[in-house]
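Trainee: Pasting in a structure now, in structure tokens, and then I'll have a few things to ask.
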Amino acid sequence: MFKRFSRLMLLLIAATFSAQTAVQAQVYQTAAKHAYLIDWNSGSVLFSKDEDEQVPPASLAKLMTLEVVFHALKTGELTLESEFYISEHAWRDGGANSGGSTMFAKLGSMVPLDALLHGIIVQSGNDACIAVAEGMAGNEETFAQLMNKRAEDIGLTHSHFMNSTGLPAEGQMVTAKDLAKLARHLIDDYPEYYHYFAIPEFTWNGITQHNRNPILGFTEGADGLKTGHTEAAGYGLVASAKRGDERLIAVLTGMKSKKERREEARKIMNWGFRAFTSQRIFDPDEEVAYASVFGGDKSEVLLVSERPVSLFMPRAQQGRLKARVYYDGPIKAPIEEGVEVATLKVWNDDKLIYEAPLITGESVGRGTTTQRAVGALKELVLGWF
């Protein structure tokens, strides 16, 4: 365990040393009240500002509505041809009469899900969201329960949803960190539907509207995701851009105007790609560390990562990296291969920049009577100290 973990530390120290030889980067600043920038592939945190503070989501909540829909498509509950009824509630409270964003769906019409997805993503249509919520769950309140259940399943620990649209509602809150995690999940788990976010315009009921994402077509590689605005939330954006093999996800909320939102989004994306570079630390299934085992035919079990372990490192490193592997141990044998038992965490100074699960890279069988006795004695002695 010590030998392998030392190797991990040496790799990180070497990366720090080589980066510190460069000119130090300037500290990044943004006018957004809350900001979070991550590397999609590794989850490395490039920038954060009050990312855990809860804020009203505005239309950024529609990303959670879309997650529920995409999940239903993936499980076969829905198809893109499934039709949804435009009720009076959807038409009156989400249509043109409401004064909010709408796809202008006709009252009493049946609209296929493919068109509703265009309406939600490209046009930010509240009527489309309400139609989906009513069609899937009967009403918005019950649909919000589905949203919160899915949010819990994917680990959004500081967010709560009250409706499908993001319109102001007491108790409806998100965080920049949770929104980034949601965006990464949408890109990872539903690649077959991600192209909707880059569609430049959509026409329904004879009315053409352009995608509200202000960096589409204006920032290199930008291809998603969603804007939001209410008086309480200010102007917000969850954005993603891909350049070569690298993709960044940015969340910005609490800005004062559309212009500020556009400029801050473009600025943070360009800075992220310019100021950071990806560095591969471990390949999939490569040895990362070892965990202690109790009662097994081996005293340790190999820990590996299913995905490549890559850090999006500053080109001009200012801090010092440190890594830790966390697990509840010793782990009781028998142990199967491929079981998640530990977490790798990497800090740059006091900022957590990377976190990933580690799985067992081998099986460990139940030990002999003698091996179990020796293990029990070791635990007893260690327990005293």
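By convention in this document, the chains of the structure tokens carry letters A, B, ... by their order, each chain's residues are numbered from 1, and ligands are numbered from 1 in the order they are shown.
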Show which residues sit within 10 Å of region 93-100 of chain A, as a list in words. Count only C-alpha atoms, and ignore same-chain residues fewer than 6 positions away.

Mentor: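 Selected residues are Ile86, Ser87, Lys106, Leu107, Ser124, Gly125, Asn126, Asp127, Ala128, Cys129, Ile130, Ala131, Thr165, Leu167 and Thr230 of chain A.
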
Trainee: Would you kindly return, as a PDB file with N, CA and C atoms, in the first residue's frame, each protein, DNA or RNA residue with an atom no farther than 12 Å from any atom of Met269 (chain A), considering only C-alpha atoms and excluding same-chain residues fewer than 2 positions away?

Mentor:
```
ATOM      1  N   TYR A  28      -7.939  34.541 -11.773  1.00  0.00           N
ATOM      2  CA  TYR A  28      -9.077  34.835 -12.643  1.00  0.00           C
ATOM      3  C   TYR A  28     -10.182  35.523 -11.858  1.00  0.00           C
ATOM      4  N   THR A  30     -14.375  37.114 -12.257  1.00  0.00           N
ATOM      5  CA  THR A  30     -15.592  37.165 -13.063  1.00  0.00           C
ATOM      6  C   THR A  30     -16.637  38.029 -12.376  1.00  0.00           C
ATOM      7  N   ALA A  35     -19.848  31.009  -9.821  1.00  0.00           N
ATOM      8  CA  ALA A  35     -19.203  30.469 -11.017  1.00  0.00           C
ATOM      9  C   ALA A  35     -18.526  29.151 -10.695  1.00  0.00           C
ATOM     10  N   TYR A  36     -18.517  28.277 -11.696  1.00  0.00           N
ATOM     11  CA  TYR A  36     -17.895  26.967 -11.539  1.00  0.00           C
ATOM     12  C   TYR A  36     -17.473  26.498 -12.915  1.00  0.00           C
ATOM     13  N   LEU A  37     -16.196  26.196 -13.081  1.00  0.00           N
ATOM     14  CA  LEU A  37     -15.654  25.750 -14.359  1.00  0.00           C
ATOM     15  C   LEU A  37     -14.932  24.436 -14.150  1.00  0.00           C
ATOM     16  N   ILE A  38     -15.334  23.402 -14.913  1.00  0.00           N
ATOM     17  CA  ILE A  38     -14.723  22.085 -14.756  1.00  0.00           C
ATOM     18  C   ILE A  38     -14.334  21.505 -16.100  1.00  0.00           C
ATOM     19  N   ASP A  39     -13.384  20.581 -16.052  1.00  0.00           N
ATOM     20  CA  ASP A  39     -13.041  19.755 -17.202  1.00  0.00           C
ATOM     21  C   ASP A  39     -14.023  18.596 -17.249  1.00  0.00           C
ATOM     22  N   LEU A  46     -11.480  23.887 -12.390  1.00  0.00           N
ATOM     23  CA  LEU A  46     -10.557  24.897 -12.875  1.00  0.00           C
ATOM     24  C   LEU A  46     -10.767  26.231 -12.175  1.00  0.00           C
ATOM     25  N   PHE A  47     -12.019  26.519 -11.823  1.00  0.00           N
ATOM     26  CA  PHE A  47     -12.341  27.780 -11.144  1.00  0.00           C
ATOM     27  C   PHE A  47     -13.635  27.601 -10.371  1.00  0.00           C
ATOM     28  N   ILE A 215     -23.327  32.026 -26.635  1.00  0.00           N
ATOM     29  CA  ILE A 215     -21.982  31.732 -27.130  1.00  0.00           C
ATOM     30  C   ILE A 215     -21.988  30.745 -28.299  1.00  0.00           C
ATOM     31  N   PHE A 218     -20.330  31.867 -31.553  1.00  0.00           N
ATOM     32  CA  PHE A 218     -19.472  33.010 -31.253  1.00  0.00           C
ATOM     33  C   PHE A 218     -18.261  32.645 -30.399  1.00  0.00           C
ATOM     34  N   THR A 219     -18.295  31.448 -29.798  1.00  0.00           N
ATOM     35  CA  THR A 219     -17.164  30.964 -29.018  1.00  0.00           C
ATOM     36  C   THR A 219     -16.764  29.610 -29.574  1.00  0.00           C
ATOM     37  N   GLU A 220     -15.503  29.448 -29.899  1.00  0.00           N
ATOM     38  CA  GLU A 220     -15.030  28.228 -30.542  1.00  0.00           C
ATOM     39  C   GLU A 220     -15.436  26.977 -29.768  1.00  0.00           C
ATOM     40  N   GLY A 221     -16.077  26.039 -30.434  1.00  0.00           N
ATOM     41  CA  GLY A 221     -16.433  24.761 -29.848  1.00  0.00           C
ATOM     42  C   GLY A 221     -17.697  24.746 -29.019  1.00  0.00           C
ATOM     43  N   ALA A 222     -18.348  25.893 -28.809  1.00  0.00           N
ATOM     44  CA  ALA A 222     -19.543  25.940 -27.964  1.00  0.00           C
ATOM     45  C   ALA A 222     -20.671  25.132 -28.588  1.00  0.00           C
ATOM     46  N   VAL A 238     -25.571  27.799 -18.201  1.00  0.00           N
ATOM     47  CA  VAL A 238     -24.767  26.576 -18.113  1.00  0.00           C
ATOM     48  C   VAL A 238     -24.281  26.313 -19.528  1.00  0.00           C
ATOM     49  N   ALA A 239     -22.961  26.315 -19.717  1.00  0.00           N
ATOM     50  CA  ALA A 239     -22.401  26.235 -21.063  1.00  0.00           C
ATOM     51  C   ALA A 239     -21.365  25.138 -21.155  1.00  0.00           C
ATOM     52  N   SER A 240     -21.183  24.639 -22.381  1.00  0.00           N
ATOM     53  CA  SER A 240     -20.127  23.666 -22.640  1.00  0.00           C
ATOM     54  C   SER A 240     -19.528  23.948 -24.001  1.00  0.00           C
ATOM     55  N   ALA A 241     -18.217  23.687 -24.103  1.00  0.00           N
ATOM     56  CA  ALA A 241     -17.519  23.856 -25.375  1.00  0.00           C
ATOM     57  C   ALA A 241     -16.465  22.771 -25.500  1.00  0.00           C
ATOM     58  N   LYS A 242     -16.233  22.306 -26.729  1.00  0.00           N
ATOM     59  CA  LYS A 242     -15.274  21.244 -26.995  1.00  0.00           C
ATOM     60  C   LYS A 242     -14.269  21.714 -28.040  1.00  0.00           C
ATOM     61  N   ARG A 243     -12.995  21.569 -27.700  1.00  0.00           N
ATOM     62  CA  ARG A 243     -11.922  21.911 -28.622  1.00  0.00           C
ATOM     63  C   ARG A 243     -10.947  20.739 -28.664  1.00  0.00           C
ATOM     64  N   GLU A 246     -10.621  18.066 -25.738  1.00  0.00           N
ATOM     65  CA  GLU A 246     -10.915  18.681 -24.442  1.00  0.00           C
ATOM     66  C   GLU A 246     -12.278  19.356 -24.465  1.00  0.00           C
ATOM     67  N   ARG A 247     -13.029  19.179 -23.378  1.00  0.00           N
ATOM     68  CA  ARG A 247     -14.333  19.817 -23.221  1.00  0.00           C
ATOM     69  C   ARG A 247     -14.410  20.455 -21.838  1.00  0.00           C
ATOM     70  N   LEU A 248     -14.918  21.668 -21.784  1.00  0.00           N
ATOM     71  CA  LEU A 248     -15.124  22.368 -20.518  1.00  0.00           C
ATOM     72  C   LEU A 248     -16.612  22.611 -20.300  1.00  0.00           C
ATOM     73  N   ILE A 249     -17.001  22.633 -19.032  1.00  0.00           N
ATOM     74  CA  ILE A 249     -18.363  22.984 -18.628  1.00  0.00           C
ATOM     75  C   ILE A 249     -18.271  24.175 -17.685  1.00  0.00           C
ATOM     76  N   ALA A 250     -19.039  25.213 -17.983  1.00  0.00           N
ATOM     77  CA  ALA A 250     -19.039  26.419 -17.149  1.00  0.00           C
ATOM     78  C   ALA A 250     -20.448  26.722 -16.672  1.00  0.00           C
ATOM     79  N   VAL A 251     -20.557  27.129 -15.408  1.00  0.00           N
ATOM     80  CA  VAL A 251     -21.821  27.591 -14.837  1.00  0.00           C
ATOM     81  C   VAL A 251     -21.595  28.994 -14.293  1.00  0.00           C
ATOM     82  N   LEU A 252     -22.423  29.932 -14.737  1.00  0.00           N
ATOM     83  CA  LEU A 252     -22.347  31.312 -14.275  1.00  0.00           C
ATOM     84  C   LEU A 252     -23.752  31.766 -13.924  1.00  0.00           C
ATOM     85  N   ARG A 262     -23.180  37.113 -21.772  1.00  0.00           N
ATOM     86  CA  ARG A 262     -22.473  36.694 -22.989  1.00  0.00           C
ATOM     87  C   ARG A 262     -20.965  36.897 -22.850  1.00  0.00           C
ATOM     88  N   GLU A 263     -20.562  38.068 -22.382  1.00  0.00           N
ATOM     89  CA  GLU A 263     -19.136  38.363 -22.290  1.00  0.00           C
ATOM     90  C   GLU A 263     -18.444  37.516 -21.229  1.00  0.00           C
ATOM     91  N   GLU A 264     -19.075  37.317 -20.093  1.00  0.00           N
ATOM     92  CA  GLU A 264     -18.465  36.511 -19.027  1.00  0.00           C
ATOM     93  C   GLU A 264     -18.355  35.044 -19.437  1.00  0.00           C
ATOM     94  N   ALA A 265     -19.364  34.547 -20.167  1.00  0.00           N
ATOM     95  CA  ALA A 265     -19.319  33.154 -20.623  1.00  0.00           C
ATOM     96  C   ALA A 265     -18.199  32.956 -21.635  1.00  0.00           C
ATOM     97  N   ARG A 266     -18.096  33.843 -22.595  1.00  0.00           N
ATOM     98  CA  ARG A 266     -17.028  33.741 -23.587  1.00  0.00           C
ATOM     99  C   ARG A 266     -15.656  33.855 -22.923  1.00  0.00           C
ATOM    100  N   LYS A 267     -15.554  34.767 -21.972  1.00  0.00           N
ATOM    101  CA  LYS A 267     -14.268  35.023 -21.316  1.00  0.00           C
ATOM    102  C   LYS A 267     -13.787  33.821 -20.524  1.00  0.00           C
ATOM    103  N   TRP A 271     -10.503  31.546 -21.382  1.00  0.00           N
ATOM    104  CA  TRP A 271      -9.466  31.467 -20.345  1.00  0.00           C
ATOM    105  C   TRP A 271      -9.190  30.025 -19.956  1.00  0.00           C
ATOM    106  N   GLY A 272     -10.243  29.242 -19.786  1.00  0.00           N
ATOM    107  CA  GLY A 272     -10.071  27.851 -19.377  1.00  0.00           C
ATOM    108  C   GLY A 272      -9.240  27.055 -20.366  1.00  0.00           C
ATOM    109  N   PHE A 273      -9.555  27.189 -21.647  1.00  0.00           N
ATOM    110  CA  PHE A 273      -8.800  26.451 -22.656  1.00  0.00           C
ATOM    111  C   PHE A 273      -7.371  26.974 -22.799  1.00  0.00           C
ATOM    112  N   ARG A 274      -7.189  28.277 -22.564  1.00  0.00           N
ATOM    113  CA  ARG A 274      -5.870  28.866 -22.735  1.00  0.00           C
ATOM    114  C   ARG A 274      -4.957  28.621 -21.541  1.00  0.00           C
ATOM    115  N   ALA A 275      -5.525  28.630 -20.331  1.00  0.00           N
ATOM    116  CA  ALA A 275      -4.712  28.610 -19.119  1.00  0.00           C
ATOM    117  C   ALA A 275      -4.449  27.216 -18.570  1.00  0.00           C
ATOM    118  N   PHE A 276      -5.139  26.187 -19.111  1.00  0.00           N
ATOM    119  CA  PHE A 276      -5.016  24.840 -18.570  1.00  0.00           C
ATOM    120  C   PHE A 276      -4.667  23.847 -19.667  1.00  0.00           C
TER     121      PHE A 276
END
```

Trainee: Skip Glu337 (chain A) itself and residues of its chain fewer than 6 positions away, then list as a ChimeraX atom specification all residues within 8 Å of it, counting only C-alpha atoms.

Mentor: /A:359-364

Trainee: Name the closest residue to Leu182 (chain A) among the candidates A:Ile154, A:Leu302, A:Leu311, A:Ala115; distances are taken between atoms, counting only C-alpha atoms.

Mentor: A:Ile154

Trainee: Would you list the contacts of region 196-213 of chain A as a PyMOL selection string, taking every protein, DNA or RNA residue within 9 Å and counting only C-alpha atoms, but skipping same-chain residues closer than 2 positions in sequence?

Mentor: chain A and resi 103-106+115+117-119+121-124+193-194+215-217+222-227+237-239+262

Trainee: Between A:Phe84, A:Thr157, A:Asp188, A:Glu67, which is the closest to Gly138 (chain A) once you count only C-alpha atoms?

Mentor: A:Phe84

Trainee: Please report, as a PyMOL selection string, each residue of region 303-354 of chain A to which DSSP assigns strand (DSSP E) when run on this structure's backbone.

Mentor: chain A and resi 303-304+309-314+321-326+331-332+340-348+351-354
